[in-house]
Amino acid sequence: MPDFRRLLADGRVHLFDGGMGTLLQARGLKSGQSPELFGLASPEAVEGVHRDYLAAGSRVVTTNTFGGTAFKLGPGQDPVAVSRAMAACARRAAGDHGFVAGSVGPTGHFVKPMGDLTFREMVAAFAAQVRGLAEGGADVVLVETQFDLAEARAAVIAVRETCDLPVAVSMTFDKGACLTGTAPLTFIDTMQNMGVELLGTNCSAGPEQLVDVVRAMLPRLSTPLVVQPNAGLPELDAQGRTVFRLGPEDFAAQVMPFVEMGAKFLGGCCGTTPGHIRAVAGRLGDHAWTLPVSPEPPALVVTSRFLSVPVGHGRPAVIIGERINPTGKKELTAQLQEGRFDEALRLAEEQVRDGAGILDVNVGAPLVEEAALLPALVQGLSSRVQAPLCIDSTDIGAVRAALDAYPASPLVNSISGEPGRMEELGPLCRLYGAPFILLPLKGRKLPVSAAERLDVVEELLVQAEGLGIPRRLIVVDALVLTVSSKPQSALACFEVIRQCRERWGLATTCGLSNISFGLPARELLNSSFVTMGLAHGLTSFIANPGSARLRESLASAEVLLARDPQAERYVAGFSNWTPGTGGAGGAAGPGSGPAEPVKTLGDAVIRGAKDSICAMLDAELAKGADPFVLVGEHLIPAITEVGEKYERKEYFLPQLLQSAETMQTAFAHLKPLLEAAGGAPRAKIVMATVEGDIHDIGKNIVILMLRNNGFEVIDLGKDVPAERIVETAEREGASLIGLSALMTTTMVRMRDTVDLVRQKALPCRVMVGGAVVTQDFADSIGADGYTPDAVSCVKLAKDLTA
């Protein structure tokens with residue numbers, strides 16, 4: 001069987017294949033039919049497509065299993081058997097000289113709290129498909145066309161836990177981010193932490209639209225890259241067929257720049273054919289390949305769904321905010337014991353505002369079940385703040401559950417030389433791509449000298465290497481001891497920091513407050529220690545970012561260490577400085593709000609405070625507030641502001657959903673009062689995904705937003721025939737129909753509904769949307785409106801039903 005890892009390491013650029021769906025249609029696939037089930041019945045048709053691509057120059061062919069999970073195949077189908085059969089089909093075509101990539105597409109679901117699946121349910125769904133692909137002869141698992149980082153993680157873990165095949169992951173981006181807000185570089189950082197062997201991007205409007213995406217991936221790229229664009233945007237021809245206008249030669253000319261940017265593999269996505277691959281092969285020849293040199297110095301990178309935080313030498317030091325820890329905090333402890341997170345969320349937002357780059361999260365309090373509470377808090381925090389998290393627990397079960405709950409690469413605090421700690425927690429961090437703090441503690445004796453600590457570090461590094469744990473995941477704790485009882489403590493720390501940098505190139509951190517314990521003016525001592533530590537190579541530290549003196553010292557040191565070019569950050573933060581103010585601090589990024597408690601109904605909606613909204617409504621009603629005024633003057637303006645933030649890319653899908661769910665909770669709470677007072681919804685809308693299309697994520701988000709804006713929505717679900725859509729609209733007296741489609745092969749069914757509405761002369765208008773739908777397509781079928789996303793859909797619905 002061919003060895004795909006050897007292909008990854010050779011010095012040539014190779015070709016994947018192109019699109020599958022349109023070629024299968026030419027061989028008998030009917031509109032709306034599952035390509036996988038069609039392939040089971042007609043394997044010779046699928047094998048013929050593979051052979052055509054191999055003849056055109058493809059070195060790798062992709063299995064007909066894009067929708068091969070149980071969620072897409074439907075009840076009664078065995079995803080293992082389907083994937084096994086389709087992989088075997090590709091294997092027969094590829095023989096001993098070609099390679100087979102087992103295609104794994106999105107499930108159509110989100111992981112909680114954004115969706116209805118637990119992380120482990122999603123892993124299990126992917127694992128069944130991956131098992132079939134491996135048994136059928138796949139050489140690599142290609143997790144493709146992903147639009148959510150958490151789902152991509154689940155697929156990678158499914159591969160790692162199921163087989164030993166290499167894994168490739170390709171994500172699709174629009175306007176600089178994927179659907180749920182992850183930028184290309186953060187995708188790269190997270191997947192490289194997980195050890196993915198091949199990374200890339202696919203789909204899009206065409207090759208030229210992917211140039212900026214690929215360029216954004218390069219600063220820290222150390223993994224071979226695959227690029228597979230669409231053949232332009234889909235259009236309808238005069239016969240109502242979906243066509244792609246970008247021909248083979250133009251396509252080939254537009255993808256060649258990716259080779260110069262360092263792509264290891266080229267291929268095509270929707271609309272591409274063997275002709276497109278043949279044209280690329282003609283231009284490519286035996287083009288040499290070398291992995292592009294990363295322009296940035298190496299770093300350990302901690303990520304959230306929205307943000308990457310590099311920690312390494314030659315970079316600004318990172319504050320790891322320490323305050324989400326119940327030790328000494330009565331209010332936080334009491335809330336954690338009750339399962340409430342208001343104070344933890346407030347502390348998170350406050351620390352981000354004050355400049356924390358990473359947030360340490362610890363729930364270790366009496367009467368708290370960490371394995372249940374820690375993942376719940378991690379979920380809440382990852383939706384409310386952009387800063388990456390540090391999972392802080394001695395309970396390995398709680399750490400494992402939190403890693404499932406987190407959508408990216410958190411920092412884990414920590415792995416020591418305690419017996420069994422590295423053996424159990426190290427492989428877990430490797431599997432999840434979670435960087436961790438290595439704590440030089442072993443046995444009961446506290447290592448006071450630098451030499452003792454460094455011996456433990458070296459021993460743990462050897463142990464980690466034996467477990468296959470890469471050093472890019474390790475940051476060393478310098479182990480700060482109080483200088484009041486051990487006068488040489490600071491000097492020992494500085495030596496550990498320096499040796500970690502010089503001997504191993506490792507990043508370092510420390511628990512800052514320990515150094516000054518038992519002494520007066522602790523801020524003064526802490527800030528002096530930080531300044532000296534940075535000069536020796538300290539790359540991060542765990543502290544309270546609310547300390548003004550600490551922020552002053554850090555900003556000053558970064559200028560003096562030439563890590564703040566032209567003192568830009570220093571000038572921006574301290575132009576209006578007066579002693580003791582600490583400058584401007586850090587700005588809370590998108591997804592973070594002000595640190596103050598939620599005070600108004602509008603704040604609750606904007607910040608997604610779903611657990612607080614009902615009590616706040618009751619308080620207003622008790623004062624005699626009119627429920628209609630609460631809706632019209634407080635809730636609706638707030639959700640409108642959320643929509644505006646989403647359009648400006650200040651909010652992404654997780655924040656949009658969180659605010660929308662808060663709004664939905666508020667409406668449900670007020671609904672009896674509104675109905676009793678004779679209130680009526682704004683208008684009635686029938687929503688459906690068109691016949692043959694089983695994707696409904698976008699539609700469901702739109703429905704949530706429409707309902708939050710007062711519309712009565714009848715949701716017919718997915719794969720709905722035009723006759724049923726129109727019949728429902730007529731029977732219910734709906735004034736608007738909303739149609740969704742994700743696939744180019746099914747969006748043509750939208751015309752059926754528009755035509756039927758016109759034939760019946762219904763007083764009902766039709767709006768359309770979906771990932772592949774454009775304004776030109778909407779105009780061509782006679783739709784009354786086109787909407788690219790949920791926020792604009794609300795505006796369009798208001799206009800069409802005015």
# chains A, B, ... in the order shown; residues from 1 in each chain; ligands from 1
>>> residues_around(residues="Ala45 of chain A", least_positions_apart="4", cutoff="7 Å", atoms="only C-alpha atoms", output="list in words")
Leu24, Arg27 and Val49 of chain A
>>> write_last_selection(atoms="N, CA, C and O atoms", output="PDB file, in the first residue's frame")
ATOM      1  N   LEU A  24     -20.654  12.873 -11.332  1.00  0.00           N
ATOM      2  CA  LEU A  24     -21.578  11.778 -11.036  1.00  0.00           C
ATOM      3  C   LEU A  24     -22.958  12.044 -11.631  1.00  0.00           C
ATOM      4  O   LEU A  24     -23.652  11.109 -12.044  1.00  0.00           O
ATOM      5  N   ARG A  27     -23.225  10.779 -14.872  1.00  0.00           N
ATOM      6  CA  ARG A  27     -23.247   9.318 -14.909  1.00  0.00           C
ATOM      7  C   ARG A  27     -24.500   8.736 -14.258  1.00  0.00           C
ATOM      8  O   ARG A  27     -24.564   7.543 -13.974  1.00  0.00           O
ATOM      9  N   VAL A  49     -14.961   8.041 -12.469  1.00  0.00           N
ATOM     10  CA  VAL A  49     -14.521   9.405 -12.144  1.00  0.00           C
ATOM     11  C   VAL A  49     -13.086   9.387 -11.630  1.00  0.00           C
ATOM     12  O   VAL A  49     -12.245  10.195 -12.041  1.00  0.00           O
TER      13      VAL A  49
END
>>> residues_around(residues="segment 8-12 of chain A", least_positions_apart="4", cutoff="8 Å", atoms="only C-alpha atoms", output="list in words")
Phe4, Leu198, Pro224, Lys264, Asp286, His287, Ala288, Trp289 and Thr290 of chain A
>>> select_by_dssp(residues="segment 224-267 of chain A", states="alpha helix (DSSP H)", output="ChimeraX atom specification")
/A:248-260
>>> write_last_selection(atoms="N, CA and C atoms", output="JSON list (two decimals), in the first residue's frame")
[["chain", "number", "residue", "atom", "x", "y", "z"],
["A", 248, "PRO", "N", -10.65, 25.47, -17.75],
["A", 248, "PRO", "CA", -9.42, 24.80, -17.32],
["A", 248, "PRO", "C", -8.16, 25.66, -17.40],
["A", 249, "GLU", "N", -7.94, 26.32, -18.53],
["A", 249, "GLU", "CA", -6.68, 27.07, -18.68],
["A", 249, "GLU", "C", -6.62, 28.26, -17.74],
["A", 250, "ASP", "N", -7.74, 28.98, -17.63],
["A", 250, "ASP", "CA", -7.76, 30.12, -16.70],
["A", 250, "ASP", "C", -7.61, 29.64, -15.26],
["A", 251, "PHE", "N", -8.25, 28.54, -14.93],
["A", 251, "PHE", "CA", -8.11, 27.97, -13.59],
["A", 251, "PHE", "C", -6.65, 27.62, -13.31],
["A", 252, "ALA", "N", -6.00, 26.96, -14.27],
["A", 252, "ALA", "CA", -4.60, 26.56, -14.09],
["A", 252, "ALA", "C", -3.71, 27.78, -13.89],
["A", 253, "ALA", "N", -3.97, 28.83, -14.67],
["A", 253, "ALA", "CA", -3.15, 30.04, -14.53],
["A", 253, "ALA", "C", -3.32, 30.67, -13.16],
["A", 254, "GLN", "N", -4.54, 30.60, -12.62],
["A", 254, "GLN", "CA", -4.81, 31.25, -11.34],
["A", 254, "GLN", "C", -4.33, 30.45, -10.13],
["A", 255, "VAL", "N", -4.14, 29.13, -10.29],
["A", 255, "VAL", "CA", -3.67, 28.34, -9.13],
["A", 255, "VAL", "C", -2.15, 28.26, -9.06],
["A", 256, "MET", "N", -1.45, 28.56, -10.14],
["A", 256, "MET", "CA", 0.00, 28.43, -10.11],
["A", 256, "MET", "C", 0.69, 29.34, -9.09],
["A", 257, "PRO", "N", 0.17, 30.53, -8.78],
["A", 257, "PRO", "CA", 0.82, 31.34, -7.74],
["A", 257, "PRO", "C", 0.89, 30.64, -6.38],
["A", 258, "PHE", "N", -0.01, 29.70, -6.13],
["A", 258, "PHE", "CA", 0.03, 28.99, -4.86],
["A", 258, "PHE", "C", 1.30, 28.13, -4.74],
["A", 259, "VAL", "N", 1.82, 27.68, -5.88],
["A", 259, "VAL", "CA", 3.06, 26.91, -5.87],
["A", 259, "VAL", "C", 4.20, 27.81, -5.39],
["A", 260, "GLU", "N", 4.24, 29.03, -5.89],
["A", 260, "GLU", "CA", 5.30, 29.97, -5.47],
["A", 260, "GLU", "C", 5.14, 30.34, -4.00]]
>>> closest_atom_pairs(of="segment 478-505 of chain A", to="segment 437-455 of chain A", cutoff="9 Å", atoms="only C-alpha atoms", output="CSV")
residue,atom,partner,partner_atom,distance
A:Ala478,CA,A:Leu439,CA,7.7
A:Leu479,CA,A:Pro440,CA,7.1
A:Leu481,CA,A:Val448,CA,8.0
A:Lys486,CA,A:Val448,CA,8.3
A:Gln488,CA,A:Ser449,CA,8.2
A:Ser489,CA,A:Val448,CA,7.2
A:Leu491,CA,A:Ala450,CA,8.3
A:Ala492,CA,A:Ala450,CA,4.7
A:Cys493,CA,A:Ala450,CA,6.7
A:Phe494,CA,A:Ala450,CA,8.5
A:Glu495,CA,A:Ala450,CA,6.1
A:Val496,CA,A:Ala450,CA,5.6
A:Gln499,CA,A:Leu454,CA,8.0
A:Cys500,CA,A:Leu454,CA,8.2
>>> residues_around(residues="Thr201 of chain A", least_positions_apart="5", cutoff="10 Å", atoms="only C-alpha atoms", output="PDB file with all heavy atoms, in the first residue's frame")
ATOM      1  N   GLU A 144     -12.381  17.776   5.101  1.00  0.00           N
ATOM      2  CA  GLU A 144     -12.430  18.899   4.159  1.00  0.00           C
ATOM      3  C   GLU A 144     -13.669  19.775   4.310  1.00  0.00           C
ATOM      4  O   GLU A 144     -14.670  19.387   4.903  1.00  0.00           O
ATOM      5  CB  GLU A 144     -12.343  18.381   2.725  1.00  0.00           C
ATOM      6  CG  GLU A 144     -13.438  17.417   2.324  1.00  0.00           C
ATOM      7  CD  GLU A 144     -13.330  17.024   0.850  1.00  0.00           C
ATOM      8  OE1 GLU A 144     -12.954  17.875   0.037  1.00  0.00           O
ATOM      9  OE2 GLU A 144     -13.640  15.871   0.532  1.00  0.00           O
ATOM     10  N   THR A 145     -13.544  20.994   3.771  1.00  0.00           N
ATOM     11  CA  THR A 145     -14.625  21.981   3.730  1.00  0.00           C
ATOM     12  C   THR A 145     -15.180  22.238   5.122  1.00  0.00           C
ATOM     13  O   THR A 145     -16.379  22.395   5.308  1.00  0.00           O
ATOM     14  CB  THR A 145     -15.753  21.545   2.767  1.00  0.00           C
ATOM     15  OG1 THR A 145     -15.191  20.878   1.642  1.00  0.00           O
ATOM     16  CG2 THR A 145     -16.530  22.754   2.258  1.00  0.00           C
ATOM     17  N   GLN A 146     -14.308  22.287   6.108  1.00  0.00           N
ATOM     18  CA  GLN A 146     -14.740  22.547   7.476  1.00  0.00           C
ATOM     19  C   GLN A 146     -14.992  24.045   7.678  1.00  0.00           C
ATOM     20  O   GLN A 146     -14.329  24.882   7.078  1.00  0.00           O
ATOM     21  CB  GLN A 146     -13.683  22.056   8.457  1.00  0.00           C
ATOM     22  CG  GLN A 146     -13.503  20.549   8.458  1.00  0.00           C
ATOM     23  CD  GLN A 146     -14.725  19.813   8.941  1.00  0.00           C
ATOM     24  OE1 GLN A 146     -15.219  20.059  10.036  1.00  0.00           O
ATOM     25  NE2 GLN A 146     -15.226  18.892   8.122  1.00  0.00           N
ATOM     26  N   VAL A 169      -6.413  18.383   6.957  1.00  0.00           N
ATOM     27  CA  VAL A 169      -7.599  19.181   7.285  1.00  0.00           C
ATOM     28  C   VAL A 169      -7.610  20.413   6.398  1.00  0.00           C
ATOM     29  O   VAL A 169      -6.602  21.124   6.288  1.00  0.00           O
ATOM     30  CB  VAL A 169      -7.627  19.606   8.767  1.00  0.00           C
ATOM     31  CG1 VAL A 169      -8.910  20.389   9.058  1.00  0.00           C
ATOM     32  CG2 VAL A 169      -7.528  18.401   9.678  1.00  0.00           C
ATOM     33  N   SER A 170      -8.753  20.648   5.776  1.00  0.00           N
ATOM     34  CA  SER A 170      -8.917  21.809   4.902  1.00  0.00           C
ATOM     35  C   SER A 170     -10.155  22.581   5.346  1.00  0.00           C
ATOM     36  O   SER A 170     -11.229  22.005   5.507  1.00  0.00           O
ATOM     37  CB  SER A 170      -9.077  21.348   3.444  1.00  0.00           C
ATOM     38  OG  SER A 170      -9.181  22.441   2.575  1.00  0.00           O
ATOM     39  N   MET A 171      -9.981  23.878   5.557  1.00  0.00           N
ATOM     40  CA  MET A 171     -11.079  24.714   6.035  1.00  0.00           C
ATOM     41  C   MET A 171     -11.439  25.737   4.972  1.00  0.00           C
ATOM     42  O   MET A 171     -10.599  26.144   4.163  1.00  0.00           O
ATOM     43  CB  MET A 171     -10.695  25.395   7.345  1.00  0.00           C
ATOM     44  CG  MET A 171     -11.815  26.177   8.006  1.00  0.00           C
ATOM     45  SD  MET A 171     -11.454  26.623   9.738  1.00  0.00           S
ATOM     46  CE  MET A 171     -12.063  25.161  10.585  1.00  0.00           C
ATOM     47  N   THR A 172     -12.692  26.146   4.964  1.00  0.00           N
ATOM     48  CA  THR A 172     -13.146  27.146   3.998  1.00  0.00           C
ATOM     49  C   THR A 172     -13.402  28.464   4.717  1.00  0.00           C
ATOM     50  O   THR A 172     -13.947  28.485   5.820  1.00  0.00           O
ATOM     51  CB  THR A 172     -14.407  26.652   3.260  1.00  0.00           C
ATOM     52  OG1 THR A 172     -14.787  27.600   2.271  1.00  0.00           O
ATOM     53  CG2 THR A 172     -15.560  26.409   4.205  1.00  0.00           C
ATOM     54  N   PHE A 173     -12.978  29.567   4.097  1.00  0.00           N
ATOM     55  CA  PHE A 173     -13.023  30.891   4.722  1.00  0.00           C
ATOM     56  C   PHE A 173     -13.750  31.884   3.828  1.00  0.00           C
ATOM     57  O   PHE A 173     -13.770  31.745   2.600  1.00  0.00           O
ATOM     58  CB  PHE A 173     -11.605  31.410   4.987  1.00  0.00           C
ATOM     59  CG  PHE A 173     -10.803  30.543   5.904  1.00  0.00           C
ATOM     60  CD1 PHE A 173     -10.014  29.510   5.397  1.00  0.00           C
ATOM     61  CD2 PHE A 173     -10.826  30.747   7.271  1.00  0.00           C
ATOM     62  CE1 PHE A 173      -9.264  28.702   6.236  1.00  0.00           C
ATOM     63  CE2 PHE A 173     -10.082  29.941   8.116  1.00  0.00           C
ATOM     64  CZ  PHE A 173      -9.307  28.923   7.605  1.00  0.00           C
ATOM     65  N   PRO A 184      -7.560  32.244   9.321  1.00  0.00           N
ATOM     66  CA  PRO A 184      -6.699  31.202   8.755  1.00  0.00           C
ATOM     67  C   PRO A 184      -5.491  30.848   9.613  1.00  0.00           C
ATOM     68  O   PRO A 184      -5.164  29.667   9.766  1.00  0.00           O
ATOM     69  CB  PRO A 184      -6.278  31.792   7.399  1.00  0.00           C
ATOM     70  CG  PRO A 184      -7.411  32.691   7.025  1.00  0.00           C
ATOM     71  CD  PRO A 184      -7.883  33.286   8.315  1.00  0.00           C
ATOM     72  N   LEU A 210      -8.679  32.922  -2.873  1.00  0.00           N
ATOM     73  CA  LEU A 210      -7.941  32.186  -1.849  1.00  0.00           C
ATOM     74  C   LEU A 210      -6.524  32.709  -1.628  1.00  0.00           C
ATOM     75  O   LEU A 210      -5.839  32.260  -0.710  1.00  0.00           O
ATOM     76  CB  LEU A 210      -7.870  30.700  -2.206  1.00  0.00           C
ATOM     77  CG  LEU A 210      -9.148  29.888  -1.998  1.00  0.00           C
ATOM     78  CD1 LEU A 210      -8.908  28.418  -2.339  1.00  0.00           C
ATOM     79  CD2 LEU A 210      -9.644  30.006  -0.574  1.00  0.00           C
ATOM     80  N   VAL A 213      -6.188  34.235   1.762  1.00  0.00           N
ATOM     81  CA  VAL A 213      -6.328  33.195   2.783  1.00  0.00           C
ATOM     82  C   VAL A 213      -5.002  32.456   2.957  1.00  0.00           C
ATOM     83  O   VAL A 213      -4.518  32.274   4.079  1.00  0.00           O
ATOM     84  CB  VAL A 213      -7.456  32.209   2.411  1.00  0.00           C
ATOM     85  CG1 VAL A 213      -7.451  31.007   3.360  1.00  0.00           C
ATOM     86  CG2 VAL A 213      -8.807  32.901   2.454  1.00  0.00           C
ATOM     87  N   VAL A 214      -4.405  32.032   1.851  1.00  0.00           N
ATOM     88  CA  VAL A 214      -3.141  31.300   1.917  1.00  0.00           C
ATOM     89  C   VAL A 214      -2.040  32.186   2.485  1.00  0.00           C
ATOM     90  O   VAL A 214      -1.238  31.759   3.323  1.00  0.00           O
ATOM     91  CB  VAL A 214      -2.754  30.756   0.532  1.00  0.00           C
ATOM     92  CG1 VAL A 214      -1.354  30.163   0.549  1.00  0.00           C
ATOM     93  CG2 VAL A 214      -3.772  29.717   0.070  1.00  0.00           C
ATOM     94  N   MET A 217      -1.992  32.284   6.145  1.00  0.00           N
ATOM     95  CA  MET A 217      -1.572  31.054   6.815  1.00  0.00           C
ATOM     96  C   MET A 217      -0.062  30.946   6.979  1.00  0.00           C
ATOM     97  O   MET A 217       0.433  30.152   7.783  1.00  0.00           O
ATOM     98  CB  MET A 217      -2.055  29.839   6.008  1.00  0.00           C
ATOM     99  CG  MET A 217      -3.551  29.643   5.990  1.00  0.00           C
ATOM    100  SD  MET A 217      -3.976  28.223   4.933  1.00  0.00           S
ATOM    101  CE  MET A 217      -5.703  27.984   5.365  1.00  0.00           C
ATOM    102  N   LEU A 225       1.108  22.175   2.634  1.00  0.00           N
ATOM    103  CA  LEU A 225      -0.141  22.897   2.384  1.00  0.00           C
ATOM    104  C   LEU A 225      -0.825  22.369   1.131  1.00  0.00           C
ATOM    105  O   LEU A 225      -0.168  22.104   0.120  1.00  0.00           O
ATOM    106  CB  LEU A 225       0.178  24.391   2.218  1.00  0.00           C
ATOM    107  CG  LEU A 225      -0.979  25.366   2.083  1.00  0.00           C
ATOM    108  CD1 LEU A 225      -1.733  25.496   3.396  1.00  0.00           C
ATOM    109  CD2 LEU A 225      -0.454  26.743   1.648  1.00  0.00           C
ATOM    110  N   VAL A 226      -2.159  22.240   1.174  1.00  0.00           N
ATOM    111  CA  VAL A 226      -2.956  21.873   0.013  1.00  0.00           C
ATOM    112  C   VAL A 226      -3.964  22.983  -0.259  1.00  0.00           C
ATOM    113  O   VAL A 226      -4.567  23.527   0.667  1.00  0.00           O
ATOM    114  CB  VAL A 226      -3.679  20.521   0.226  1.00  0.00           C
ATOM    115  CG1 VAL A 226      -4.560  20.534   1.464  1.00  0.00           C
ATOM    116  CG2 VAL A 226      -4.503  20.147  -1.006  1.00  0.00           C
ATOM    117  N   VAL A 227      -4.132  23.333  -1.536  1.00  0.00           N
ATOM    118  CA  VAL A 227      -5.067  24.383  -1.940  1.00  0.00           C
ATOM    119  C   VAL A 227      -5.966  23.825  -3.037  1.00  0.00           C
ATOM    120  O   VAL A 227      -5.480  23.356  -4.067  1.00  0.00           O
ATOM    121  CB  VAL A 227      -4.323  25.641  -2.448  1.00  0.00           C
ATOM    122  CG1 VAL A 227      -5.318  26.746  -2.766  1.00  0.00           C
ATOM    123  CG2 VAL A 227      -3.304  26.121  -1.419  1.00  0.00           C
ATOM    124  N   GLN A 228      -7.301  23.883  -2.816  1.00  0.00           N
ATOM    125  CA  GLN A 228      -8.264  23.314  -3.753  1.00  0.00           C
ATOM    126  C   GLN A 228      -9.432  24.284  -3.959  1.00  0.00           C
ATOM    127  O   GLN A 228     -10.466  24.175  -3.302  1.00  0.00           O
ATOM    128  CB  GLN A 228      -8.789  21.966  -3.230  1.00  0.00           C
ATOM    129  CG  GLN A 228      -7.720  20.887  -3.111  1.00  0.00           C
ATOM    130  CD  GLN A 228      -8.273  19.612  -2.488  1.00  0.00           C
ATOM    131  OE1 GLN A 228      -8.458  19.523  -1.277  1.00  0.00           O
ATOM    132  NE2 GLN A 228      -8.545  18.628  -3.321  1.00  0.00           N
ATOM    133  N   PRO A 229      -9.295  25.236  -4.886  1.00  0.00           N
ATOM    134  CA  PRO A 229     -10.362  26.232  -5.086  1.00  0.00           C
ATOM    135  C   PRO A 229     -11.494  25.695  -5.961  1.00  0.00           C
ATOM    136  O   PRO A 229     -11.347  24.704  -6.688  1.00  0.00           O
ATOM    137  CB  PRO A 229      -9.641  27.381  -5.800  1.00  0.00           C
ATOM    138  CG  PRO A 229      -8.202  26.987  -5.886  1.00  0.00           C
ATOM    139  CD  PRO A 229      -8.136  25.506  -5.730  1.00  0.00           C
TER     140      PRO A 229
END
>>> closest_residue(among="A:Glu370, A:Glu661, A:Glu343, A:Glu350", to="Ile701 of chain A", atoms="only C-alpha atoms")
A:Glu661
>>> select_by_dssp(residues="segment 429-572 of chain A", states="strand (DSSP E)", output="PyMOL selection string")
chain A and resi 436-438+474-477+507-509+540-543
>>> closest_residue(among="A:Gly200, A:Gly312, A:Gly466, A:Gly176", to="Thr539 of chain A", atoms="only C-alpha atoms")
A:Gly312
>>> residues_around(residues="Pro310 of chain A", least_positions_apart="5", cutoff="12 Å", atoms="only C-alpha atoms", output="MDAnalysis selection string")
chainID A and resid 185:186 189:190 193 219:220 296:304 315:319 357:358 387:388 409:411 435 472:473 475 507 539:540
>>> residues_around(residues="Pro721 of chain A", least_positions_apart="4", cutoff="7 Å", atoms="only C-alpha atoms", output="PyMOL selection string")
chain A and resi 690-691+725
>>> closest_atom_pairs(of="segment 134-173 of chain A", to="segment 117-126 of chain A", cutoff="8 Å", atoms="only C-alpha atoms", output="JSON lines")
{"residue": "A:Glu151", "atom": "CA", "partner": "A:Met122", "partner_atom": "CA", "distance": 7.4}
{"residue": "A:Ala154", "atom": "CA", "partner": "A:Val123", "partner_atom": "CA", "distance": 4.9}
{"residue": "A:Ala155", "atom": "CA", "partner": "A:Phe126", "partner_atom": "CA", "distance": 5.7}
{"residue": "A:Ile157", "atom": "CA", "partner": "A:Val123", "partner_atom": "CA", "distance": 6.9}
{"residue": "A:Ala158", "atom": "CA", "partner": "A:Val123", "partner_atom": "CA", "distance": 5.2}
{"residue": "A:Val159", "atom": "CA", "partner": "A:Phe126", "partner_atom": "CA", "distance": 7.8}
>>> residues_around(residues="Ile391 of chain A", least_positions_apart="5", cutoff="7 Å", atoms="only C-alpha atoms", output="list in words")
Asp360, Val361, Asn362, Val399, Pro410, Leu411, Val412 and Asn413 of chain A
>>> residues_around(residues="Ala334 of chain A", least_positions_apart="3", cutoff="10 Å", atoms="only C-alpha atoms", output="NGL selection string")
:A and (326 or 329-331 or 337-340 or 343 or 365-368)
>>> atom_distance(atom1="atom CA of Gly57 of chain A", atom2="atom CA of Ile277 of chain A")
6.6 Å
>>> atom_distance(atom1="atom CA of Leu73 of chain A", atom2="atom CA of Gly271 of chain A")
23.1 Å
>>> closest_residue(among="A:Val378, A:Ala567, A:Val61, A:Leu630", to="His97 of chain A", atoms="only C-alpha atoms")
A:Val61
>>> atom_distance(atom1="atom CA of Tyr786 of chain A", atom2="atom CA of Ile737 of chain A")
11.8 Å
>>> closest_residue(among="A:Gly426, A:Gly355, A:Gly738, A:Gly397", to="Val702 of chain A", atoms="only C-alpha atoms")
A:Gly738
>>> decode(residues="segment 286-298 of chain A", atoms="C-alpha atoms", output="short mmCIF file (atom, residue, chain, number, x, y, z; two decimals), in the first residue's frame")
data_model
loop_
_atom_site.label_atom_id
_atom_site.label_comp_id
_atom_site.auth_asym_id
_atom_site.auth_seq_id
_atom_site.Cartn_x
_atom_site.Cartn_y
_atom_site.Cartn_z
CA ASP A 286 8.00 18.34 -12.20
CA HIS A 287 7.91 21.49 -10.11
CA ALA A 288 10.18 21.27 -7.08
CA TRP A 289 8.83 21.93 -3.58
CA THR A 290 10.35 22.93 -0.31
CA LEU A 291 8.52 23.88 2.84
CA PRO A 292 8.36 27.69 2.96
CA VAL A 293 10.49 29.32 5.65
CA SER A 294 8.30 30.78 8.39
CA PRO A 295 8.94 34.53 8.73
CA GLU A 296 8.27 34.40 12.49
CA PRO A 297 10.50 32.88 15.18
CA PRO A 298 9.32 29.56 16.66
#
